[in-house]
Every structure is written in structure tokens, then in C-alpha cells.
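Colleague: Please see the structure below; I have some questions.
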Amino acid sequence: MQPGPALVAADLGFTAFAERNRPRYTRYAEARLSAGVVTVVRATLAYAHRHWDWLLNQPCLAADVWEELRHHIRCEADDSPPQDAGVAALYHGLPETSADSVVLCHGLGLSVDEAAELMGLEPPAVEAGLGVARRALPHLAGGKLP
């Protein structure tokens with residue numbers, strides 16, 4: 001028996017989502033972790049695939065999957081040292097969204113719009129996160145990631 005059109009469309013939607021986000025999730029995980037990057041990204045996308053129909057009915061699919069990625073990274077970080085002490089310091093000294101904004105925009109070179117889309121936020125929320133970081137860590141004002 002062949003899958004129906006709705007199932008095929010859902011699979012295509014998930015496939016497109018995974019293809020677009022897997023490289024960016026991987027780069028973000030690499031910035032945060034010294035090991036387990038593939039496992040974290042695979043687990044995040046497996047979660048999204050299992051819950052795809054539910055996620056499609058949520059206010060912001062990207063935000064829900066981003067939170068799942070963060071969860072897997074936090075769990076993995078408990079078992080291994082951070083990839084970079086400066087990045088780890090961001091997460092100890094800033095709210096998580098601010099630290100994510102710094103890593104994505106300053107560390108990985110994403111635009112504010114692209115970082116916002118990836119995290120499921122509006123661009124002003126990313127700009128606000130960067131502003132919090134600039135005030136908390138003045139050396140970020142010049143665009144340098146610690």
C-alpha cells in the first residue's frame with residue numbers, strides 16, 4: 001500500500017526542514033560541544049520527525065525544535081568538556097537566548113534574520129539578546145567572540 005498524499009507531503013516537508021537546518025544545527029553544536037555533535041543533531045531531527053504532525057500545529061515549529069536541540073546539547077555538555085571555554089563562559093554569564101544570539105551571529109556569522117529564523121524568534125529578539133551581551137560583556141561590542 002502506498003502512502004497517501006498527506007503523508008508524502010508531511011515527509012517532504014520534514015525532509016526540506018532537515019536539509020535546511022542540519023548544517024546549521026551541526027555548526028551550532030560544534031561551537032558548543034567537544035564531542036557528540038552528530039548524536040545531538042541526529043537526536044534532535046529524530047524528535048522532529050517523530051513529532052512532525054504535532055509540530056506543524058504549534059505556533060512556531062522552529063522554536064520547538066530549537067529548544068529540543070538546546071536540551072540535547074545541555075545533556076551532552078554534562079558528559080563532556082565544552083568545545084571552547086569562551087563559548088562556555090557565555091552560557092554561564094548570559095541568558096541562553098543571548099548566548100545563542102552571540103554564538104550564531106558573531107561566532108558562526110549568521111545574520112540577525114537568519115539566526116532569528118533558526119531559533120524561531122523575531123529579529124528584534126535576537127537584537128535584544130545581542131544588546132544584553134554587549135552590555136554584560138563589553139568586549140563583544142567590537143564583534144569579537146570570546
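Letters for chains follow the order of the C-alpha cells (A, B, ...), residue numbers begin at 1 for each chain, and ligand numbers begin at 1 in the order shown.
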Name all residues at most 10 Å from range 31-48 of chain A (count only C-alpha atoms; drop same-chain ones fewer than 3 positions away) and give them as a ChimeraX atom specification.
Modeller: /A:14-15,17-18,21-28,51-56,61-62,64-77,79-88,91,100,103-104,107-108
Colleague: Could you pull out the residues in range 81-121 of chain A that DSSP calls alpha helix (DSSP H) from the backbone, as a PyMOL selection string?
Modeller: chain A and resi 85-93+96-102+112-119
Colleague: So which residues touch Leu130 in chain A within 12 Å, counting only C-alpha atoms, skipping near sequence neighbours fewer than 3 positions away, as an mmCIF file with all heavy atoms, in the first residue's frame?
Modeller:
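Result saved to part-v2.cif:
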```
data_model
loop_
_atom_site.group_PDB
_atom_site.id
_atom_site.type_symbol
_atom_site.label_atom_id
_atom_site.label_comp_id
_atom_site.auth_asym_id
_atom_site.auth_seq_id
_atom_site.Cartn_x
_atom_site.Cartn_y
_atom_site.Cartn_z
ATOM 1 N N LEU A 90 30.032 32.253 27.934
ATOM 2 C CA LEU A 90 28.817 32.958 27.512
ATOM 3 C C LEU A 90 27.576 32.347 28.142
ATOM 4 O O LEU A 90 26.681 33.058 28.600
ATOM 5 C CB LEU A 90 28.666 32.912 25.985
ATOM 6 C CG LEU A 90 29.622 33.724 25.148
ATOM 7 C CD1 LEU A 90 29.406 33.412 23.671
ATOM 8 C CD2 LEU A 90 29.446 35.212 25.412
ATOM 9 N N LEU A 94 25.342 34.661 30.610
ATOM 10 C CA LEU A 94 24.246 35.319 29.899
ATOM 11 C C LEU A 94 23.009 34.439 29.875
ATOM 12 O O LEU A 94 23.117 33.214 29.987
ATOM 13 C CB LEU A 94 24.654 35.585 28.440
ATOM 14 C CG LEU A 94 25.784 36.554 28.163
ATOM 15 C CD1 LEU A 94 26.155 36.509 26.688
ATOM 16 C CD2 LEU A 94 25.393 37.962 28.569
ATOM 17 N N PRO A 95 21.843 35.054 29.672
ATOM 18 C CA PRO A 95 20.657 34.234 29.395
ATOM 19 C C PRO A 95 20.916 33.409 28.128
ATOM 20 O O PRO A 95 21.652 33.833 27.225
ATOM 21 C CB PRO A 95 19.549 35.263 29.160
ATOM 22 C CG PRO A 95 20.036 36.520 29.799
ATOM 23 C CD PRO A 95 21.542 36.485 29.700
ATOM 24 N N GLU A 96 20.323 32.232 28.063
ATOM 25 C CA GLU A 96 20.605 31.308 26.966
ATOM 26 C C GLU A 96 20.327 31.913 25.590
ATOM 27 O O GLU A 96 21.108 31.714 24.656
ATOM 28 C CB GLU A 96 19.799 30.019 27.161
ATOM 29 C CG GLU A 96 20.276 28.892 26.295
ATOM 30 C CD GLU A 96 19.671 27.559 26.670
ATOM 31 O OE1 GLU A 96 18.514 27.526 27.140
ATOM 32 O OE2 GLU A 96 20.353 26.547 26.475
ATOM 33 N N THR A 97 19.247 32.666 25.447
ATOM 34 C CA THR A 97 18.942 33.265 24.148
ATOM 35 C C THR A 97 19.999 34.294 23.756
ATOM 36 O O THR A 97 20.374 34.390 22.590
ATOM 37 C CB THR A 97 17.539 33.889 24.147
ATOM 38 O OG1 THR A 97 16.583 32.840 24.377
ATOM 39 C CG2 THR A 97 17.216 34.564 22.832
ATOM 40 N N SER A 98 20.502 35.041 24.723
ATOM 41 C CA SER A 98 21.571 35.999 24.424
ATOM 42 C C SER A 98 22.835 35.270 23.998
ATOM 43 O O SER A 98 23.477 35.652 23.011
ATOM 44 C CB SER A 98 21.876 36.873 25.643
ATOM 45 O OG SER A 98 20.794 37.722 25.919
ATOM 46 N N ALA A 99 23.193 34.230 24.727
ATOM 47 C CA ALA A 99 24.387 33.463 24.365
ATOM 48 C C ALA A 99 24.217 32.827 22.985
ATOM 49 O O ALA A 99 25.141 32.865 22.165
ATOM 50 C CB ALA A 99 24.659 32.397 25.427
ATOM 51 N N ASP A 100 23.035 32.280 22.708
ATOM 52 C CA ASP A 100 22.776 31.712 21.385
ATOM 53 C C ASP A 100 22.922 32.772 20.296
ATOM 54 O O ASP A 100 23.503 32.517 19.236
ATOM 55 C CB ASP A 100 21.369 31.118 21.308
ATOM 56 C CG ASP A 100 21.227 29.778 21.996
ATOM 57 O OD1 ASP A 100 22.250 29.142 22.330
ATOM 58 O OD2 ASP A 100 20.070 29.347 22.188
ATOM 59 N N SER A 101 22.401 33.954 20.555
ATOM 60 C CA SER A 101 22.484 35.042 19.570
ATOM 61 C C SER A 101 23.937 35.396 19.272
ATOM 62 O O SER A 101 24.306 35.602 18.111
ATOM 63 C CB SER A 101 21.733 36.272 20.080
ATOM 64 O OG SER A 101 20.353 35.982 20.219
ATOM 65 N N VAL A 102 24.758 35.450 20.309
ATOM 66 C CA VAL A 102 26.180 35.765 20.122
ATOM 67 C C VAL A 102 26.860 34.661 19.325
ATOM 68 O O VAL A 102 27.593 34.934 18.370
ATOM 69 C CB VAL A 102 26.884 35.973 21.483
ATOM 70 C CG1 VAL A 102 28.400 36.084 21.304
ATOM 71 C CG2 VAL A 102 26.343 37.211 22.186
ATOM 72 N N VAL A 103 26.630 33.409 19.703
ATOM 73 C CA VAL A 103 27.278 32.292 19.009
ATOM 74 C C VAL A 103 26.857 32.267 17.538
ATOM 75 O O VAL A 103 27.698 32.129 16.642
ATOM 76 C CB VAL A 103 26.957 30.948 19.698
ATOM 77 C CG1 VAL A 103 27.365 29.767 18.834
ATOM 78 C CG2 VAL A 103 27.655 30.885 21.058
ATOM 79 N N LEU A 104 25.565 32.424 17.283
ATOM 80 C CA LEU A 104 25.085 32.348 15.905
ATOM 81 C C LEU A 104 25.547 33.538 15.067
ATOM 82 O O LEU A 104 26.002 33.362 13.930
ATOM 83 C CB LEU A 104 23.560 32.234 15.873
ATOM 84 C CG LEU A 104 22.997 30.931 16.427
ATOM 85 C CD1 LEU A 104 21.469 31.017 16.514
ATOM 86 C CD2 LEU A 104 23.415 29.727 15.601
ATOM 87 N N CYS A 105 25.425 34.745 15.607
ATOM 88 C CA CYS A 105 25.733 35.939 14.816
ATOM 89 C C CYS A 105 27.225 36.257 14.783
ATOM 90 O O CYS A 105 27.765 36.557 13.719
ATOM 91 C CB CYS A 105 24.946 37.132 15.345
ATOM 92 S SG CYS A 105 23.164 36.963 15.121
ATOM 93 N N HIS A 106 27.886 36.206 15.925
ATOM 94 C CA HIS A 106 29.308 36.562 15.973
ATOM 95 C C HIS A 106 30.200 35.362 15.695
ATOM 96 O O HIS A 106 31.195 35.485 15.000
ATOM 97 C CB HIS A 106 29.666 37.189 17.318
ATOM 98 C CG HIS A 106 29.055 38.539 17.519
ATOM 99 N ND1 HIS A 106 29.613 39.681 17.022
ATOM 100 C CD2 HIS A 106 27.921 38.909 18.144
ATOM 101 C CE1 HIS A 106 28.856 40.712 17.337
ATOM 102 N NE2 HIS A 106 27.819 40.278 18.016
ATOM 103 N N SER A 111 23.363 36.145 9.864
ATOM 104 C CA SER A 111 22.721 37.451 10.010
ATOM 105 C C SER A 111 21.702 37.360 11.146
ATOM 106 O O SER A 111 21.295 36.265 11.551
ATOM 107 C CB SER A 111 22.009 37.836 8.714
ATOM 108 O OG SER A 111 20.883 36.991 8.514
ATOM 109 N N VAL A 112 21.286 38.501 11.637
ATOM 110 C CA VAL A 112 20.257 38.532 12.680
ATOM 111 C C VAL A 112 18.994 37.837 12.174
ATOM 112 O O VAL A 112 18.383 37.041 12.905
ATOM 113 C CB VAL A 112 19.962 39.988 13.119
ATOM 114 C CG1 VAL A 112 18.702 40.073 13.953
ATOM 115 C CG2 VAL A 112 21.160 40.555 13.877
ATOM 116 N N ALA A 115 19.587 33.998 12.121
ATOM 117 C CA ALA A 115 19.622 33.479 13.485
ATOM 118 C C ALA A 115 18.214 33.438 14.074
ATOM 119 O O ALA A 115 17.827 32.460 14.721
ATOM 120 C CB ALA A 115 20.545 34.323 14.358
ATOM 121 N N ALA A 116 17.447 34.491 13.835
ATOM 122 C CA ALA A 116 16.073 34.538 14.339
ATOM 123 C C ALA A 116 15.233 33.420 13.734
ATOM 124 O O ALA A 116 14.499 32.725 14.449
ATOM 125 C CB ALA A 116 15.450 35.904 14.035
ATOM 126 N N PRO A 123 13.428 38.870 14.635
ATOM 127 C CA PRO A 123 14.741 39.533 14.642
ATOM 128 C C PRO A 123 14.963 40.494 15.824
ATOM 129 O O PRO A 123 16.075 40.511 16.379
ATOM 130 C CB PRO A 123 14.787 40.246 13.290
ATOM 131 C CG PRO A 123 13.960 39.360 12.402
ATOM 132 C CD PRO A 123 12.820 38.894 13.290
ATOM 133 N N PRO A 124 13.952 41.268 16.255
ATOM 134 C CA PRO A 124 14.212 42.143 17.408
ATOM 135 C C PRO A 124 14.595 41.375 18.684
ATOM 136 O O PRO A 124 15.329 41.901 19.517
ATOM 137 C CB PRO A 124 12.894 42.900 17.589
ATOM 138 C CG PRO A 124 12.282 42.911 16.221
ATOM 139 C CD PRO A 124 12.645 41.569 15.630
ATOM 140 N N ALA A 125 14.127 40.135 18.818
ATOM 141 C CA ALA A 125 14.506 39.339 19.991
ATOM 142 C C ALA A 125 15.989 38.971 19.932
ATOM 143 O O ALA A 125 16.678 38.978 20.957
ATOM 144 C CB ALA A 125 13.642 38.085 20.089
ATOM 145 N N VAL A 126 16.489 38.667 18.749
ATOM 146 C CA VAL A 126 17.915 38.373 18.590
ATOM 147 C C VAL A 126 18.721 39.640 18.826
ATOM 148 O O VAL A 126 19.745 39.615 19.526
ATOM 149 C CB VAL A 126 18.209 37.769 17.197
ATOM 150 C CG1 VAL A 126 19.701 37.624 16.965
ATOM 151 C CG2 VAL A 126 17.506 36.425 17.045
ATOM 152 N N GLU A 127 18.268 40.766 18.274
ATOM 153 C CA GLU A 127 18.964 42.033 18.502
ATOM 154 C C GLU A 127 18.995 42.384 19.989
ATOM 155 O O GLU A 127 20.009 42.860 20.498
ATOM 156 C CB GLU A 127 18.299 43.141 17.695
ATOM 157 C CG GLU A 127 18.534 42.984 16.199
ATOM 158 C CD GLU A 127 17.676 43.901 15.344
ATOM 159 O OE1 GLU A 127 16.771 44.580 15.883
ATOM 160 O OE2 GLU A 127 17.918 43.931 14.126
ATOM 161 N N ALA A 133 24.124 41.007 25.649
ATOM 162 C CA ALA A 133 25.511 40.530 25.645
ATOM 163 C C ALA A 133 26.495 41.693 25.589
ATOM 164 O O ALA A 133 27.503 41.689 26.302
ATOM 165 C CB ALA A 133 25.737 39.581 24.471
ATOM 166 N N ARG A 134 26.206 42.686 24.760
ATOM 167 C CA ARG A 134 27.111 43.848 24.657
ATOM 168 C C ARG A 134 27.239 44.573 25.987
ATOM 169 O O ARG A 134 28.326 45.015 26.357
ATOM 170 C CB ARG A 134 26.620 44.816 23.584
ATOM 171 C CG ARG A 134 26.976 44.400 22.198
ATOM 172 C CD ARG A 134 26.607 45.494 21.182
ATOM 173 N NE ARG A 134 26.417 44.866 19.899
ATOM 174 C CZ ARG A 134 25.238 44.517 19.378
ATOM 175 N NH1 ARG A 134 24.125 44.775 20.015
ATOM 176 N NH2 ARG A 134 25.183 43.935 18.204
ATOM 177 N N ARG A 135 26.113 44.704 26.689
ATOM 178 C CA ARG A 135 26.155 45.391 27.981
ATOM 179 C C ARG A 135 26.857 44.540 29.039
ATOM 180 O O ARG A 135 27.591 45.066 29.875
ATOM 181 C CB ARG A 135 24.748 45.765 28.434
ATOM 182 C CG ARG A 135 24.165 46.915 27.633
ATOM 183 C CD ARG A 135 22.831 47.388 28.177
ATOM 184 N NE ARG A 135 21.768 46.392 28.117
ATOM 185 C CZ ARG A 135 21.089 46.059 27.017
ATOM 186 N NH1 ARG A 135 21.351 46.656 25.876
ATOM 187 N NH2 ARG A 135 20.129 45.178 27.056
ATOM 188 N N ALA A 136 26.644 43.240 29.002
ATOM 189 C CA ALA A 136 27.239 42.351 30.003
ATOM 190 C C ALA A 136 28.712 42.071 29.723
ATOM 191 O O ALA A 136 29.500 41.898 30.653
ATOM 192 C CB ALA A 136 26.463 41.035 30.065
ATOM 193 N N LEU A 137 29.062 42.035 28.459
ATOM 194 C CA LEU A 137 30.426 41.689 28.073
ATOM 195 C C LEU A 137 30.908 42.723 27.061
ATOM 196 O O LEU A 137 30.808 42.527 25.867
ATOM 197 C CB LEU A 137 30.446 40.302 27.433
ATOM 198 C CG LEU A 137 29.841 39.171 28.286
ATOM 199 C CD1 LEU A 137 29.595 37.950 27.427
ATOM 200 C CD2 LEU A 137 30.756 38.857 29.445
ATOM 201 N N PRO A 138 31.442 43.844 27.550
ATOM 202 C CA PRO A 138 31.791 44.954 26.649
ATOM 203 C C PRO A 138 32.699 44.578 25.481
ATOM 204 O O PRO A 138 32.626 45.193 24.432
ATOM 205 C CB PRO A 138 32.507 45.947 27.581
ATOM 206 C CG PRO A 138 31.995 45.635 28.927
ATOM 207 C CD PRO A 138 31.706 44.154 28.938
ATOM 208 N N LEU A 140 32.367 42.320 23.481
ATOM 209 C CA LEU A 140 31.571 41.852 22.350
ATOM 210 C C LEU A 140 31.136 42.999 21.450
ATOM 211 O O LEU A 140 30.758 42.785 20.309
ATOM 212 C CB LEU A 140 30.319 41.111 22.823
ATOM 213 C CG LEU A 140 30.566 39.760 23.481
ATOM 214 C CD1 LEU A 140 29.252 39.187 23.960
ATOM 215 C CD2 LEU A 140 31.231 38.814 22.524
ATOM 216 N N ALA A 141 31.178 44.228 21.961
ATOM 217 C CA ALA A 141 30.721 45.368 21.175
ATOM 218 C C ALA A 141 31.495 45.517 19.882
ATOM 219 O O ALA A 141 30.956 45.965 18.883
ATOM 220 C CB ALA A 141 30.825 46.653 22.015
ATOM 221 N N GLY A 142 32.741 45.084 19.879
ATOM 222 C CA GLY A 142 33.542 45.148 18.660
ATOM 223 C C GLY A 142 33.329 43.953 17.749
ATOM 224 O O GLY A 142 33.997 43.828 16.739
ATOM 225 N N GLY A 143 32.404 43.053 18.106
ATOM 226 C CA GLY A 143 32.114 41.909 17.263
ATOM 227 C C GLY A 143 33.010 40.713 17.507
ATOM 228 O O GLY A 143 33.026 39.776 16.731
ATOM 229 N N LEU A 145 34.031 37.365 19.401
ATOM 230 C CA LEU A 145 33.534 36.290 20.258
ATOM 231 C C LEU A 145 34.658 35.887 21.184
ATOM 232 O O LEU A 145 35.765 35.650 20.737
ATOM 233 C CB LEU A 145 33.099 35.105 19.405
ATOM 234 C CG LEU A 145 32.485 33.926 20.149
ATOM 235 C CD1 LEU A 145 31.154 34.339 20.761
ATOM 236 C CD2 LEU A 145 32.279 32.760 19.208
#
```
Colleague: Enter the distance from CA of Leu118 in chain A to CA of Ala29 in chain A, in Å, rounded to one decimal.
Modeller: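 Pair CA of Leu118 in chain A / CA of Ala29 in chain A returns 13.2 Å.
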Colleague: So how far away is CA of Gly120 in chain A from CA of Pro59 in chain A, in Å?
Modeller: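 The value is 9.7 Å.
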